[in-house]
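Novice: My structure is stored as my_file_1.txt, with compact mmCIF, C-alpha atoms and all ligand atoms.
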```txt
# COMPACT_ATOMS: atom_id res chain seq x y z
CA MET A 28 109.80 50.42 36.06
CA ASN A 29 107.92 51.74 39.07
CA ARG A 30 109.02 49.84 42.19
CA ASP A 31 105.47 49.57 43.57
CA PHE A 32 104.44 48.00 40.28
CA GLU A 33 107.31 45.53 40.46
CA PHE A 34 106.31 44.60 44.00
CA LYS A 35 102.66 44.04 42.99
CA GLN A 36 103.72 41.84 40.08
CA LEU A 37 105.90 39.80 42.37
CA LEU A 38 103.13 39.43 44.93
CA ARG A 39 100.67 38.37 42.24
CA ALA A 40 103.10 35.76 40.94
CA TYR A 41 103.58 34.37 44.44
CA ARG A 42 99.86 34.33 45.28
CA SER A 43 98.97 32.58 42.05
CA GLY A 44 101.59 29.92 42.74
CA LEU A 45 103.88 30.86 39.84
CA ILE A 46 106.84 31.27 42.19
CA THR A 47 107.75 29.63 45.48
CA GLU A 48 107.96 31.45 48.81
CA GLN A 49 111.75 31.15 48.65
CA THR A 50 111.87 32.77 45.20
CA PHE A 51 109.46 35.47 46.34
CA GLU A 52 111.67 36.34 49.31
CA GLN A 53 114.79 36.35 47.16
CA GLU A 54 113.16 38.64 44.58
CA MET A 55 111.93 40.98 47.32
CA ALA A 56 115.45 41.21 48.73
CA ASN A 57 116.80 42.00 45.24
CA LEU A 58 114.14 44.67 44.77
CA GLU A 59 115.06 46.34 48.06
CA ALA A 60 118.79 46.14 47.36
CA GLY A 61 118.21 47.68 43.93
CA ALA A 62 116.26 50.56 45.43
CA GLU A 63 118.97 51.24 47.98
CA THR A 64 121.74 51.39 45.41
CA THR A 65 119.95 53.84 43.12
CA SER A 66 121.70 57.16 43.68
CA GLY A 67 119.70 59.80 45.53
CA THR A 68 116.72 57.61 46.29
CA ASN A 69 115.54 55.72 49.35
CA GLY A 70 113.20 53.28 47.65
CA ALA A 71 109.66 53.35 46.21
CA GLY A 72 110.90 54.73 42.88
CA GLY A 73 112.30 57.92 44.36
CA PHE A 74 113.04 59.66 47.62
CA ARG A 75 110.30 59.33 50.23
CA ALA A 76 110.04 62.18 52.73
CA PHE A 77 107.19 63.86 54.60
CA GLY A 78 104.64 61.50 53.03
CA LYS A 79 105.65 62.43 49.48
CA THR A 80 107.84 60.84 46.84
CA TYR A 81 110.43 63.14 45.28
CA ALA A 82 112.49 62.25 42.20
CA ASN A 83 115.65 62.17 44.30
CA GLU A 84 117.26 63.39 47.52
CA ARG A 85 118.14 66.80 46.10
CA GLU A 86 114.53 67.54 45.14
CA ALA A 87 113.34 66.58 48.62
CA ILE A 88 115.97 68.84 50.19
CA VAL A 89 115.15 71.79 47.95
CA ALA A 90 111.42 71.44 48.71
CA PHE A 91 112.07 71.23 52.45
CA LEU A 92 114.51 74.16 52.53
CA ASP A 93 112.13 76.33 50.53
CA ARG A 94 109.10 75.60 52.75
CA ALA A 95 111.11 75.92 55.96
CA ARG A 96 112.80 79.13 54.75
CA VAL A 97 109.53 81.00 54.32
CA ALA A 98 107.95 79.59 57.49
CA GLU A 99 110.98 80.34 59.68
CA ALA A 100 111.52 83.86 58.32
CA ASN A 101 107.86 84.65 58.96
CA ALA A 102 107.97 83.15 62.45
CA GLY A 103 111.04 85.29 63.18
CA ILE A 104 109.04 88.43 62.46
CA ALA A 105 105.99 87.17 64.36
CA PHE A 106 107.90 86.23 67.53
CA ASN A 107 109.60 89.62 67.44
CA ASN A 108 106.15 91.25 67.21
CA TRP A 109 105.05 89.20 70.23
CA ALA A 110 108.17 90.17 72.21
CA ASN A 111 107.46 93.85 71.47
CA LEU A 112 103.87 93.48 72.74
CA CYS A 113 104.76 91.14 75.60
CA LYS A 114 103.57 92.24 79.05
CA THR A 115 105.01 89.23 80.90
CA ASP A 116 108.57 90.22 81.83
CA CYS A 117 109.89 86.72 82.44
CA ILE A 118 109.22 85.47 78.91
CA ARG A 119 110.08 88.61 76.86
CA SER A 120 113.75 87.84 76.22
CA GLY A 121 112.97 84.16 75.65
CA LEU A 122 110.61 85.24 72.86
CA ARG A 123 113.35 87.45 71.43
CA MET A 124 115.76 84.52 71.42
CA ILE A 125 113.21 82.36 69.61
CA SER A 126 112.64 85.19 67.13
CA GLU A 127 116.40 85.34 66.42
CA ARG A 128 116.56 81.58 65.99
CA GLU A 129 113.64 81.52 63.56
CA SER A 130 115.09 84.41 61.54
CA TYR A 131 118.55 82.89 61.25
CA HIS A 132 117.05 79.55 60.20
CA GLY A 133 115.21 81.44 57.46
CA ARG A 134 118.45 83.15 56.33
CA MET A 135 120.51 79.96 56.42
CA PHE A 136 117.92 77.94 54.52
CA GLU A 137 117.72 80.62 51.84
CA ARG A 138 121.51 80.65 51.58
CA ARG A 139 121.70 76.86 51.28
CA LEU A 140 118.89 76.88 48.71
CA ARG A 141 120.86 79.32 46.55
CA GLU A 142 124.07 77.31 47.00
CA LEU A 143 122.16 74.34 45.61
CA GLY A 144 121.20 76.45 42.59
CA ALA A 145 117.51 76.49 43.53
CA GLU A 146 115.08 79.37 43.76
CA CYS A 147 112.87 80.59 46.59
CA ARG A 148 109.36 79.75 45.47
CA ALA A 149 107.35 78.50 48.47
CA THR A 150 104.65 80.63 50.03
CA LEU A 151 103.30 80.52 53.57
CA SER A 152 100.81 77.84 54.53
CA ASP A 153 97.49 79.04 55.97
CA ASP A 154 98.22 77.53 59.40
CA THR A 155 101.59 79.27 59.65
CA ARG A 156 100.13 82.59 58.55
CA LYS A 157 97.22 82.35 61.02
CA PHE A 158 99.51 81.53 63.94
CA ALA A 159 101.83 84.42 63.03
CA GLU A 160 98.83 86.76 62.94
CA ALA A 161 97.61 85.52 66.33
CA ILE A 162 100.92 86.05 68.14
CA SER A 163 101.27 89.50 66.56
CA ASP A 164 97.78 90.46 67.80
CA GLN A 165 97.89 93.03 70.60
CA SER A 166 94.37 92.19 71.76
CA LEU A 167 95.43 88.66 72.81
CA SER A 168 97.15 88.10 76.18
CA ASP A 169 100.53 86.37 76.50
CA ASN A 170 98.87 83.45 78.26
CA GLU A 171 96.35 83.07 75.46
CA LYS A 172 99.16 83.10 72.86
CA LEU A 173 100.99 80.41 74.81
CA LEU A 174 97.82 78.32 74.99
CA ARG A 175 97.34 78.65 71.23
CA PHE A 176 100.92 77.54 70.63
CA ASN A 177 100.38 74.61 72.95
CA LYS A 178 97.26 73.61 71.05
CA LEU A 179 99.18 73.78 67.76
CA VAL A 180 102.20 71.88 69.13
CA PRO A 181 100.97 69.67 72.00
CA ASP A 182 103.97 67.34 71.77
CA PRO A 183 107.28 69.11 70.97
CA GLU A 184 109.25 65.86 70.51
CA ALA A 185 106.71 64.48 68.04
CA ALA A 186 106.44 67.80 66.22
CA VAL A 187 110.15 68.07 65.45
CA LYS A 188 110.88 64.36 64.97
CA PRO A 189 110.26 64.49 61.18
CA ILE A 190 113.21 66.94 60.86
CA CYS A 191 115.48 64.43 62.56
CA GLU A 192 114.14 61.54 60.47
CA PHE A 193 114.65 63.54 57.28
CA ALA A 194 118.25 64.38 58.28
CA GLU A 195 118.90 60.68 58.94
CA MET A 196 117.67 59.76 55.46
CA ILE A 197 120.03 62.16 53.69
CA LYS A 198 122.99 60.25 52.30
CA ASP A 199 124.57 62.51 49.65
CA ASP A 200 124.21 66.14 50.79
CA LEU A 201 126.06 65.93 54.09
CA GLU A 202 126.24 69.72 54.44
CA THR A 203 122.44 70.03 54.57
CA LYS A 204 122.18 66.89 56.70
CA GLU A 205 124.33 68.38 59.48
CA MET A 206 122.56 71.73 59.20
CA LEU A 207 119.21 70.01 59.75
CA LYS A 208 120.50 68.21 62.84
CA LEU A 209 121.24 71.59 64.43
CA PHE A 210 117.90 72.93 63.21
CA TYR A 211 116.21 70.01 64.96
CA GLU A 212 117.95 70.84 68.26
CA ASP A 213 116.95 74.51 68.00
CA GLU A 214 113.32 73.72 67.22
CA LEU A 215 113.12 71.20 70.04
CA SER A 216 114.57 73.73 72.46
CA SER A 217 112.19 76.51 71.37
CA THR A 218 109.06 74.37 71.41
CA LYS A 219 109.90 72.80 74.79
CA TRP A 220 110.53 76.19 76.32
CA LEU A 221 107.18 77.52 75.02
CA GLN A 222 105.41 74.46 76.41
CA TYR A 223 107.08 74.95 79.79
CA ALA A 224 106.24 78.69 79.81
CA CYS A 225 102.62 77.87 78.93
CA ALA A 226 102.32 75.37 81.78
CA ALA A 227 103.99 77.68 84.30
CA LEU A 228 102.00 80.83 83.43
CA ASN A 229 98.63 79.19 82.88
CA ALA A 230 98.77 76.87 85.87
CA PRO A 231 97.74 79.52 88.47
CA ALA A 232 94.71 80.59 86.37
CA GLN A 233 93.67 76.99 85.77
CA ALA A 234 94.09 76.17 89.47
CA SER A 235 91.89 79.09 90.53
CA GLN A 236 89.25 78.12 87.90
CA THR A 237 89.18 74.61 89.36
CA ALA A 238 88.90 76.00 92.88
CA GLN A 239 85.95 78.21 91.85
CA GLN A 240 84.00 75.36 90.28
CA PRO A 241 81.12 74.33 92.58
CA SER A 242 81.56 70.85 93.95
CA ALA A 243 79.09 68.26 92.75
FE FE A 301 110.72 77.19 63.66
```
Go ahead and render the structure in this file as structure tokens.
Specialist:
Amino acid sequence: MNRDFEFKQLLRAYRSGLITEQTFEQEMANLEAGAETTSGTNGAGGFRAFGKTYANEREAIVAFLDRARVAEANAGIAFNNWANLCKTDCIRSGLRMISERESYHGRMFERRLRELGAECRATLSDDTRKFAEAISDQSLSDNEKLLRFNKLVPDPEAAVKPICEFAEMIKDDLETKEMLKLFYEDELSSTKWLQYACAALNAPAQASQTAQQPSA
């Protein structure tokens, strides 16, 4: 039976006075314990991750690896394109390092996906494709590209937190779990560095714009 349905039934029974508060609490505890002991699930009739319910942990992992594989591989190419077009010496090699990170994430996720007996099926999301196109565009300046990244990822910690939360939820596939912990660290490092580069390189322009504004 669907766990949400069981919960609603229980709540209805309690509200209509069919069961006491004590019984209600006991039944709720049993329901939660039952969900926790079902292999490969984390409650709610399956495995909840990224706002979706998957049949089990493995399905959630396969879906994540597939989506991340295509996004990371594409970002690897895009950051390399940016590095090749980059006119700001101090960030060029940083962009190359990010490109290498993204590409190896893509390769490792594909490898893990195949080890799990799954296929590569996911395609790029529109947002990922548009961002990759923007940073590969030679008509946009490095500062503009940094600003666009900053707009897309205003809070690096918040942006990568779901990876960490997902890793924490994994109970059976410890190999993927540990891999995702390292992925989280890499992504946090890359996004924080881009945020810092954006602030450092755009600050002088923003300061001069402020200085040029007529005083009220
Ligand atoms: Fe990434």
Novice: Which residues, written as a list in words, have at least one atom at most 9 Å from Gln222 (chain A), with all atoms listed in the file counted and residues fewer than 6 positions away on the same chain left out?
Specialist: Leu173, Leu174, Phe176, Asn177, Val180, Pro181, Asp182 and Pro183 of chain A
Novice: My list of candidates is A:Phe193, A:Phe210, A:Phe158, A:Tyr223. Which is closest to Ala105 (chain A) when distances are computed with all atoms listed in the file?
Specialist: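 Under the stated criterion, the closest residue is A:Phe158.
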Novice: Grab me every residue within 7 Å of ligand FE 301 (chain A), counting all atoms listed in the file, and send it over as a PyMOL selection string.
Specialist: chain A and resi 99+102+129+214
Novice: CA of Ile125 (chain A) and CA of Lys219 (chain A) are how many Å apart?
Specialist: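 CA of Ile125 (chain A) sits 11.4 Å away from CA of Lys219 (chain A).
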Novice: Have a look at A:Val187, A:Glu52, A:Glu127, A:Lys178 and name the one nearest to Leu38 (chain A); count only C-alpha atoms.
Specialist: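 Of A:Val187, A:Glu52, A:Glu127, A:Lys178, the one nearest Leu38 (chain A) is A:Glu52, counting only C-alpha atoms.
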Novice: Fewer than 5 positions away in the same chain doesn't count, so skip those; otherwise give me all residues within 10 Å of Phe91 (chain A), counting all atoms listed in the file, as a list in words.
Specialist: Ala76, Phe77, Arg85, Glu86, Arg96, Phe136, Leu140, Ala149, Ile190 and Phe193 of chain A
Novice: Which distance in Å separates CA of Gln165 (chain A) and CA of Ala186 (chain A), to one decimal?
Specialist: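 Separation between CA of Gln165 (chain A) and CA of Ala186 (chain A): 27.0 Å.
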Novice: Have a look at CA of Ala110 (chain A) and CA of Glu184 (chain A) and let me know their distance in Å, one decimal.
Specialist: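 Result for CA of Ala110 (chain A) versus CA of Glu184 (chain A): 24.4 Å, one decimal.
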Novice: For Thr115 (chain A), work out the shell of residues within 9 Å, counting only C-alpha atoms and skipping chain neighbours fewer than 4 positions away, then give it as a list of chain:residue names.
Specialist: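 My reading of the contact set: A:Arg119, A:Asp169, A:Asn170.
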Novice: Can I get the selected residues back with C-alpha atoms, as a compact mmCIF listing (two decimals), in the frame of the given file?
Specialist:
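The result, stored in part_38.txt:
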```txt
# COMPACT_ATOMS: atom_id res chain seq x y z
CA ARG A 119 110.08 88.61 76.86
CA ASP A 169 100.53 86.37 76.50
CA ASN A 170 98.87 83.45 78.26
```
Novice: Give me region 218-229 of chain A with all heavy atoms filled in, as a compact mmCIF listing (two decimals), in the coordinates of the input.
Specialist:
```txt
# COMPACT_ATOMS: atom_id res chain seq x y z
N THR A 218 110.42 74.87 71.16
CA THR A 218 109.06 74.37 71.41
C THR A 218 108.91 73.87 72.87
O THR A 218 107.88 74.10 73.49
CB THR A 218 108.67 73.24 70.43
OG1 THR A 218 109.74 72.29 70.36
CG2 THR A 218 108.42 73.76 69.04
N LYS A 219 109.97 73.26 73.39
CA LYS A 219 109.90 72.80 74.79
C LYS A 219 109.82 73.97 75.75
O LYS A 219 109.10 73.93 76.74
CB LYS A 219 111.11 71.92 75.11
CG LYS A 219 110.95 70.50 74.62
CD LYS A 219 112.22 69.72 74.79
CE LYS A 219 112.16 68.79 75.97
NZ LYS A 219 113.31 67.86 75.97
N TRP A 220 110.56 75.02 75.45
CA TRP A 220 110.53 76.19 76.32
C TRP A 220 109.14 76.84 76.30
O TRP A 220 108.60 77.23 77.35
CB TRP A 220 111.61 77.21 75.90
CG TRP A 220 111.63 78.41 76.80
CD1 TRP A 220 112.23 78.50 78.02
CD2 TRP A 220 110.96 79.65 76.57
NE1 TRP A 220 111.99 79.74 78.57
CE2 TRP A 220 111.22 80.46 77.70
CE3 TRP A 220 110.19 80.16 75.53
CZ2 TRP A 220 110.73 81.77 77.81
CZ3 TRP A 220 109.70 81.45 75.63
CH2 TRP A 220 109.97 82.24 76.76
N LEU A 221 108.52 76.93 75.12
CA LEU A 221 107.18 77.52 75.02
C LEU A 221 106.16 76.66 75.76
O LEU A 221 105.26 77.19 76.42
CB LEU A 221 106.77 77.68 73.54
CG LEU A 221 107.47 78.84 72.83
CD1 LEU A 221 107.36 78.67 71.31
CD2 LEU A 221 106.89 80.19 73.25
N GLN A 222 106.32 75.36 75.70
CA GLN A 222 105.41 74.46 76.41
C GLN A 222 105.56 74.64 77.93
O GLN A 222 104.58 74.72 78.66
CB GLN A 222 105.72 73.01 76.02
CG GLN A 222 104.67 72.04 76.52
CD GLN A 222 105.12 70.60 76.36
OE1 GLN A 222 106.24 70.25 76.70
NE2 GLN A 222 104.24 69.78 75.84
N TYR A 223 106.81 74.76 78.35
CA TYR A 223 107.08 74.95 79.79
C TYR A 223 106.53 76.31 80.26
O TYR A 223 105.90 76.41 81.32
CB TYR A 223 108.59 74.80 80.03
CG TYR A 223 109.22 75.78 80.96
CD1 TYR A 223 109.12 75.63 82.34
CD2 TYR A 223 109.93 76.88 80.45
CE1 TYR A 223 109.70 76.56 83.19
CE2 TYR A 223 110.51 77.80 81.30
CZ TYR A 223 110.39 77.64 82.67
OH TYR A 223 110.95 78.55 83.50
N ALA A 224 106.74 77.35 79.45
CA ALA A 224 106.24 78.69 79.81
C ALA A 224 104.71 78.67 79.88
O ALA A 224 104.11 79.27 80.78
CB ALA A 224 106.72 79.72 78.78
N CYS A 225 104.09 77.97 78.95
CA CYS A 225 102.62 77.87 78.93
C CYS A 225 102.12 77.20 80.21
O CYS A 225 101.20 77.69 80.86
CB CYS A 225 102.17 77.09 77.70
SG CYS A 225 100.39 76.98 77.57
N ALA A 226 102.75 76.10 80.58
CA ALA A 226 102.32 75.37 81.78
C ALA A 226 102.53 76.23 83.02
O ALA A 226 101.66 76.33 83.88
CB ALA A 226 103.11 74.07 81.89
N ALA A 227 103.68 76.90 83.10
CA ALA A 227 103.99 77.68 84.30
C ALA A 227 103.06 78.89 84.44
O ALA A 227 102.57 79.18 85.54
CB ALA A 227 105.45 78.15 84.23
N LEU A 228 102.80 79.59 83.34
CA LEU A 228 102.00 80.83 83.43
C LEU A 228 100.50 80.57 83.47
O LEU A 228 99.76 81.37 84.02
CB LEU A 228 102.35 81.77 82.28
CG LEU A 228 103.78 82.33 82.33
CD1 LEU A 228 104.11 83.10 81.06
CD2 LEU A 228 103.98 83.22 83.55
N ASN A 229 100.07 79.47 82.87
CA ASN A 229 98.63 79.19 82.88
C ASN A 229 98.19 78.34 84.07
O ASN A 229 97.00 78.29 84.37
CB ASN A 229 98.20 78.53 81.57
CG ASN A 229 98.10 79.55 80.44
OD1 ASN A 229 97.23 80.41 80.44
ND2 ASN A 229 99.03 79.47 79.49
```
